[in-house]
6 protein chains.
Amino acid sequence: MKSLIERANILIETLPYIKTFFGKTIVIKYGGKAMVDEELKHCFAQDIVLLRYIGAKPVVVHGGGVQINQVMKKMGKKAEFIDGLRVTDIETMEIVEMVLGGRISSEIVSLINHHGAQAVGLTGLDGKLIEACQTTDGSLTGQVTKINPRVIETLDENGFIPVIAPIGTGTDGKRYNINADTVASEIATTLSALKLILLSDTKGVLKDIKDPNSLISTLKVEEIDLLINDGCVSEGMLPKINACKCAISSNKVDKAHIIDGRIPHSILLELFTDKGIGTQIIRWCP
Amino acid sequence: MKSLIERANILIETLPYIKTFFGKTIVIKYGGKAMVDEELKHCFAQDIVLLRYIGAKPVVVHGGGVQINQVMKKMGKKAEFIDGLRVTDIETMEIVEMVLGGRISSEIVSLINHHGAQAVGLTGLDGKLIEACQTTDGSLTGQVTKINPRVIETLDENGFIPVIAPIGTGTDGKRYNINADTVASEIATTLSALKLILLSDTKGVLKDIKDPNSLISTLKVEEIDLLINDGCVSEGMLPKINACKCAISSNKVDKAHIIDGRIPHSILLELFTDKGIGTQIIRWCP
Amino acid sequence: MKSLIERANILIETLPYIKTFFGKTIVIKYGGKAMVDEELKHCFAQDIVLLRYIGAKPVVVHGGGVQINQVMKKMGKKAEFIDGLRVTDIETMEIVEMVLGGRISSEIVSLINHHGAQAVGLTGLDGKLIEACQTTDGSLTGQVTKINPRVIETLDENGFIPVIAPIGTGTDGKRYNINADTVASEIATTLSALKLILLSDTKGVLKDIKDPNSLISTLKVEEIDLLINDGCVSEGMLPKINACKCAISSNKVDKAHIIDGRIPHSILLELFTDKGIGTQIIRWCP
Amino acid sequence: MKSLIERANILIETLPYIKTFFGKTIVIKYGGKAMVDEELKHCFAQDIVLLRYIGAKPVVVHGGGVQINQVMKKMGKKAEFIDGLRVTDIETMEIVEMVLGGRISSEIVSLINHHGAQAVGLTGLDGKLIEACQTTDGSLTGQVTKINPRVIETLDENGFIPVIAPIGTGTDGKRYNINADTVASEIATTLSALKLILLSDTKGVLKDIKDPNSLISTLKVEEIDLLINDGCVSEGMLPKINACKCAISSNKVDKAHIIDGRIPHSILLELFTDKGIGTQIIRWCP
Amino acid sequence: MKSLIERANILIETLPYIKTFFGKTIVIKYGGKAMVDEELKHCFAQDIVLLRYIGAKPVVVHGGGVQINQVMKKMGKKAEFIDGLRVTDIETMEIVEMVLGGRISSEIVSLINHHGAQAVGLTGLDGKLIEACQTTDGSLTGQVTKINPRVIETLDENGFIPVIAPIGTGTDGKRYNINADTVASEIATTLSALKLILLSDTKGVLKDIKDPNSLISTLKVEEIDLLINDGCVSEGMLPKINACKCAISSNKVDKAHIIDGRIPHSILLELFTDKGIGTQIIRWCP
Amino acid sequence: MKSLIERANILIETLPYIKTFFGKTIVIKYGGKAMVDEELKHCFAQDIVLLRYIGAKPVVVHGGGVQINQVMKKMGKKAEFIDGLRVTDIETMEIVEMVLGGRISSEIVSLINHHGAQAVGLTGLDGKLIEACQTTDGSLTGQVTKINPRVIETLDENGFIPVIAPIGTGTDGKRYNINADTVASEIATTLSALKLILLSDTKGVLKDIKDPNSLISTLKVEEIDLLINDGCVSEGMLPKINACKCAISSNKVDKAHIIDGRIPHSILLELFTDKGIGTQIIRWCP
């Protein structure tokens, strides 16, 4: 009985958090180890379903770099990168579409459905969700020009959880491969999300890249540039921290979080504890 | 971190229960020690607010015998009972109205509001919620003739939690004092509630009244008459077990529960564990 | 036949008034003799029901000083007043809650239901309708800090007539006893009521307190201060006239009326005749 | 003051009637002297507007035989009748359309608007309201085959009062002149009206045609055939009494009334008194 | 097969136009030869029904000068005109009402219904659609003072096509005969119509009145005054061109068109081709 | 001008068809040459967009056998078939998902968006649209067990056109490759579609497979079995004709059509002509 009451207390302790999330949009960038490890995959899906059932509106944006590379390899095509960004020629773009829009979306939708909610996979083409244009000459790597959120809102209001592949549609009729962190940030901003959560394969933002115990728990958006200039931000962390900076600077998103996707239920741990487990990026409010 | 993950796991374990309760009505008869002990009162209010936030629709019905007696004493009036039922003359009825409809309702509404939801106190007069007629000649002790649930539904759909005092309105213009267990049962039936939960000051239904370790965890509705005939049901338990019997026999309510209101968060303990802590009354499904 | 046609003519003469009230909120402070005399009580209820059926939205706020004193006396407690305001200690507040929220609300709700509409009794706790804070140190006499009208609007839109006891809820968790005239004025202002009507046990505002024939039919809000300074306003009239002043000065309420509740159907008489029977307080519109 | 209170009492006495009419459809056939006398016209419009404001849904159907004859005469065309029914050739039908659909509708709409409601004139062509076919060979006198009430309902729900000219549309593309009493009866039946009211230039149905004091106050629908066989029903009354018979026999309309349109406010007199002023036709309910 | 594919291509070529008209209001002034020639009448009705089915919201305003003259003649009354405007005395006004509101409305409604949509005839009295006042002393020729579009909107939202006779209602209780081109322009402006289309019995606006080959295809609103001053606009064209000028100058209507109603399906020809067949009046957008 | 009027006439001739399709669901199986030829692809997209704009609700289901084979080849995997059905092992299923759900969906959505409507790509996993189970042991070729149409309906009501890849979700958590003709038939049945249209690379159903001039224009559903037994149905046509049979036999779908997707705008040609261009399958209505 004692252990039962303890359980009830834990539930009750979540009440203030539940109230905060009620009716609010939470955009989650899903990727890294959490997307390949079998156990972590189920934990992630459970977290999303729980968020939906307690009244929040989760929106999932996913990447899939590793899986794209695997398929490219199978098809005898070499992956090329410049400054960490994939060089996307037409053939690569076809593979990106197949992997992100076809296989990974299907898998995430399946997982979430399996745990009791109803997900719908989208790409940025669906309802012209993500309008994009070219970033690098001669490549199909794109950047967001506009988010048309109506298809997300339609699904949301009818109880479906949108799962979004970061592919954009250009006014030139071309399709573009876009960084998933950026897409998550832009969608969070357009939807005035309560939170933007980015799953990473690190503990969060570290003061000293080499010291895993130097986690910065709270980062004010104004401190980010200094941190980057000081070389404290690793290459992989750079797009993530910039995505958070954009979302918070827009004054539309309340808080951004970079969390360790390698920990089971990392989303719940970050959302349902005051301290959190990763780095939260906030606005300076003097 | 380990303890944090354990917490997350407890949350995830509630997911199947949350899904079951989503959008469903749960009628709770509140009374006994849980209504006088300061700590238990707050635990109760938290349980109700949590139910609301995870998407259930709690409806509270309360009694108040002890408090009525206190005020009667202060006003120099002696409480009379026949067969455990209060003999309600006009003067007593005025006190009943004041205590149930005035003081206790206010207190429960205050408690629930304090924990973050919005409650509204009702009596059976409001919107003619409870229509009643006389049971015993010459007394204002009444029995339910009809429930008009529109006022509950109106409040429900707009996010308010109804808190109901068991006072009925007669076609003769008189007001009647009604047993709260019965009122809860009738409302649960009319609303086709998922569950009827009665808080008591015992562990539940006991096989042997004198042996507190003889709790019956699950009771089929067909076994109730036998149990009563065998004298296994104490006087105080009788109206409760009959209220459960009516609700379950109506085929409108899924399960009824008699639980120990003296345990903190007894409602959550009963609702969020497979075994529960009290006695559940179910239909026989051969 | 002639008398029948006369009746029809009287009905037709009400048409311009009916048009004016259609869809509009009318807040009525109910109290005094109209609340204790059996015949007047029924007349009042009929007036309210009629207003509802012709398309107006009546909101009733009631006091209950006399009844509180009676119960206090029965419980052997002496009522204390400073400057006409009740000194409300904890014990008194419990009685206030019981009498206003329990007994009087129930009676008014019963009366209105009896005459064919559907009323719902509320206190300021329900849906946090009336937020309040302390006025006098050490006492539970409060003043309104905020009206949250959603519970009234919810009931209104669904055809229920709200009957409100002037008890407020503090952010400190305490409950406060508030002047009913003030509460009526604040609710009228928040709801942008067409009219605020205060029932009194006088003819209205008199030029000469001692001369009952000196009724002021129309009073401009700018004239009120002068009148008070001249000592023309009796002690009992003071809170009423101030309540009217606030409502009209807010520019949200069209007209306020202080009328003689001792006359049967005084509300109809005031509303359905050009001259009215009491004092109307209006804005100066040069 | 005494006369004022009397007025209030008269208002209160209407309350039970107002409750009965609330939200209910009342179909009124307007015609005869009430449509040509200036004072009676205004009385009629006021009655209709009052009904609308107290929550009833009046639907007006009008005839216009006298006015048609006037215009025919001006245009040098002789009106012909067989068995009291107008022989309608093509030229006559054009005049019927112009007079009923153009002039009379406009006048009634104007009158009702002038008294503060919003009316809309319709013919049976509008939204295919009245489908009809031929009755007499070679003539455009028609009979109703179907009522399509959607246009009435649309106007009703948006607060407009429909004013209907009895012109039907045939599947043969022709337009038909139909008896207005019949149209009113058919519309009342389709709309499940509470009441069908026919204004006539007599006191109602008389036991002895020659004795104006022999008014039958209440007539059971089963007694009608006997009455007709006995020759007690005059020629002009025949279509009216048959229209009532149809409506009541359909079990869709509660009561039908034939009243004296020559009395000012005859509609109110019939509706707001227990005895009424004309003949009411009811179902036998043994 | 080849001819079939050609047909499909024609359909596909209309797609860009259909997209433009989707959900938009198009006000059409119907009159002249198109209203008297049997074939043209059917073509007009088909055009209107097609517009409705592809998602546009057509609103028809009609005149009827010729028909009014015919009836006046039959009734032995001479039609008088000053400066091309009918001198409307009371007797004439009655005829105007009968012809416009009765006969012509009915005919147009019948035609449209026959081709598969549902029309409803209105005059400016219905729902006080057109408020008007006097233009010339002593006459019932009026000018629009206000459009109350609620009755049009109500019918529109419920799938009915409004057919409007240009009769206005004065605050003086009088009814006024108004120029139909003006009424169409005022309604188009109030409804923020995409287009105002006026059917005429000419090719459109001609540079040289005597040369039918001098059609001006596109006319900027700023050029109109010059054109009038140069005497290039015939008497009959003057009210039309002024109606267009008002609508376009209001910045509420996108384009106005004066087209040749003598050509079958002139509305479709104007709307579904880039060049159009008449004169379009546009805003100057430097 | 003459050619213009001809165009208008063609438009008008479509009116009866447009009326028939208004608000009705039309399910189209898209595949074959129409899905690979650049010009045909655009024609198809235009047809779909036109259907949407004239008020029909098109639902697209697509296959992609050729494209699956191409990718399999690139990845060094051999496609295997038994009885014309693909043997789908796990690796093949991954490719199926990528090609159908990723690449082809994206392309069709892009095409439709390009022509002015808003499409959304779905697989049978989204909102659990297609529930399926295994057909052949050891393979992931599935058959439909249930259609959950809510996601289609949600998109439809909000103006989006659903584009569906025939992948089903099993209760065993597996994903299944399903025949697209069958999926189209099942969806048409569940949605009570007006029409099921299957694009093929033949003229339709031929009496003599070898004689392309032996097209059967209309086929009664009862004749299908005979036709199959006579060996008149080619292997590729078999699943199509069975899909039609199921849809029509369900009594939920009005008509099924097998048409020649190699002809530009074949959908419009079939839908907007009485004769059509392919084979229509209908119910026998003696």
# chains A, B, ... in the order shown; residues from 1 in each chain; ligands from 1

call {"tool": "residues_around", "arguments": {"residues": "Gly65 in chain B", "least_positions_apart": "4", "cutoff": "12 Å", "atoms": "only C-alpha atoms", "output": "MDAnalysis selection string"}}
result
chainID B and resid 30:33 35:36 69:72 79:81 84:86 92 95:97 99:100 104 165:166 177:180

call {"tool": "interface_residues", "arguments": {"of": "chain F", "to": "chain E", "cutoff": "10 Å", "atoms": "only C-alpha atoms", "output": "PyMOL selection string"}}
result
chain F and resi 1+4-16+18-19+21-22+43+46-47+49-56+115-117+263-270+272-273+276-277

call {"tool": "select_by_dssp", "arguments": {"residues": "range 39-251 of chain A", "states": "strand (DSSP E)", "output": "PyMOL selection string"}}
result
chain A and resi 57-62+81-82+85-86+118-123+130-134+142-147+160-165+167-170+175-177+195-200+218-220

call {"tool": "residues_around", "arguments": {"residues": "Ile209 in chain A", "least_positions_apart": "3", "cutoff": "9 Å", "atoms": "only C-alpha atoms", "output": "ChimeraX atom specification"}}
result
/A:205-206,212,214,232-234

call {"tool": "atom_distance", "arguments": {"atom1": "CA of Pro162 in chain D", "atom2": "CA of Leu196 in chain E"}}
result
29.0 Å

call {"tool": "select_by_dssp", "arguments": {"residues": "range 32-273 of chain C", "states": "helix (DSSP H, G or I)", "output": "ChimeraX atom specification"}}
result
/C:32-35,38-53,65-74,90-114,126-128,150-157,180-190,221-229,237-249,266-271

call {"tool": "residues_around", "arguments": {"residues": "Leu140 in chain E", "least_positions_apart": "6", "cutoff": "6 Å", "atoms": "only C-alpha atoms", "output": "ChimeraX atom specification"}}
result
/E:88-89,176

call {"tool": "write_last_selection", "arguments": {"atoms": "C-alpha atoms", "output": "compact mmCIF listing (two decimals), in the first residue's frame"}}
result
# COMPACT_ATOMS: atom_id res chain seq x y z
CA THR E 88 -43.61 57.58 -60.49
CA ASP E 89 -46.89 58.67 -58.95
CA TYR E 176 -39.73 53.86 -53.97

call {"tool": "residues_around", "arguments": {"residues": "range 243-248 of chain C", "least_positions_apart": "5", "cutoff": "10 Å", "atoms": "only C-alpha atoms", "output": "PyMOL selection string"}}
result
chain C and resi 179-190+192-193+195-198+220-225+237-238+253-258+280-283

call {"tool": "atom_distance", "arguments": {"atom1": "CA of Gly63 in chain D", "atom2": "CA of Glu153 in chain E"}}
result
28.9 Å

call {"tool": "residues_around", "arguments": {"residues": "Gly204 in chain B", "least_positions_apart": "6", "cutoff": "6 Å", "atoms": "only C-alpha atoms", "output": "PDB file with all heavy atoms, in the first residue's frame"}}
result
ATOM      1  N   ILE B 258     -16.589   0.728  -4.050  1.00  0.00           N
ATOM      2  CA  ILE B 258     -16.674   1.246  -2.674  1.00  0.00           C
ATOM      3  C   ILE B 258     -15.254   1.246  -2.134  1.00  0.00           C
ATOM      4  O   ILE B 258     -14.621   0.184  -2.042  1.00  0.00           O
ATOM      5  CB  ILE B 258     -17.595   0.371  -1.804  1.00  0.00           C
ATOM      6  CG1 ILE B 258     -19.010   0.401  -2.399  1.00  0.00           C
ATOM      7  CG2 ILE B 258     -17.610   0.856  -0.360  1.00  0.00           C
ATOM      8  CD1 ILE B 258     -19.985  -0.568  -1.746  1.00  0.00           C
ATOM      9  N   ILE B 259     -14.709   2.443  -1.840  1.00  0.00           N
ATOM     10  CA  ILE B 259     -13.288   2.504  -1.479  1.00  0.00           C
ATOM     11  C   ILE B 259     -13.081   3.207  -0.147  1.00  0.00           C
ATOM     12  O   ILE B 259     -13.965   3.880   0.379  1.00  0.00           O
ATOM     13  CB  ILE B 259     -12.461   3.198  -2.575  1.00  0.00           C
ATOM     14  CG1 ILE B 259     -12.913   4.649  -2.741  1.00  0.00           C
ATOM     15  CG2 ILE B 259     -12.570   2.454  -3.898  1.00  0.00           C
ATOM     16  CD1 ILE B 259     -12.029   5.448  -3.693  1.00  0.00           C
ATOM     17  N   GLY B 278     -10.206  -1.118  -3.018  1.00  0.00           N
ATOM     18  CA  GLY B 278     -11.452  -1.401  -2.316  1.00  0.00           C
ATOM     19  C   GLY B 278     -12.210  -2.543  -2.963  1.00  0.00           C
ATOM     20  O   GLY B 278     -11.606  -3.498  -3.459  1.00  0.00           O
ATOM     21  N   THR B 279     -13.531  -2.431  -2.953  1.00  0.00           N
ATOM     22  CA  THR B 279     -14.386  -3.446  -3.562  1.00  0.00           C
ATOM     23  C   THR B 279     -14.977  -2.901  -4.847  1.00  0.00           C
ATOM     24  O   THR B 279     -15.565  -1.818  -4.843  1.00  0.00           O
ATOM     25  CB  THR B 279     -15.542  -3.801  -2.607  1.00  0.00           C
ATOM     26  OG1 THR B 279     -14.981  -4.326  -1.399  1.00  0.00           O
ATOM     27  CG2 THR B 279     -16.465  -4.834  -3.231  1.00  0.00           C
TER      28      THR B 279
END

call {"tool": "atom_distance", "arguments": {"atom1": "CA of Glu94 in chain E", "atom2": "CA of Arg103 in chain D"}}
result
6.7 Å

call {"tool": "residues_around", "arguments": {"residues": "Ile164 in chain E", "least_positions_apart": "3", "cutoff": "12 Å", "atoms": "only C-alpha atoms", "output": "number ranges by chain"}}
result
D: 121; E: 27-30, 58-64, 97, 100-102, 104-106, 108-109, 119-126, 129-130, 149, 151-152, 161, 167-168, 178, 180-181, 183-184, 187
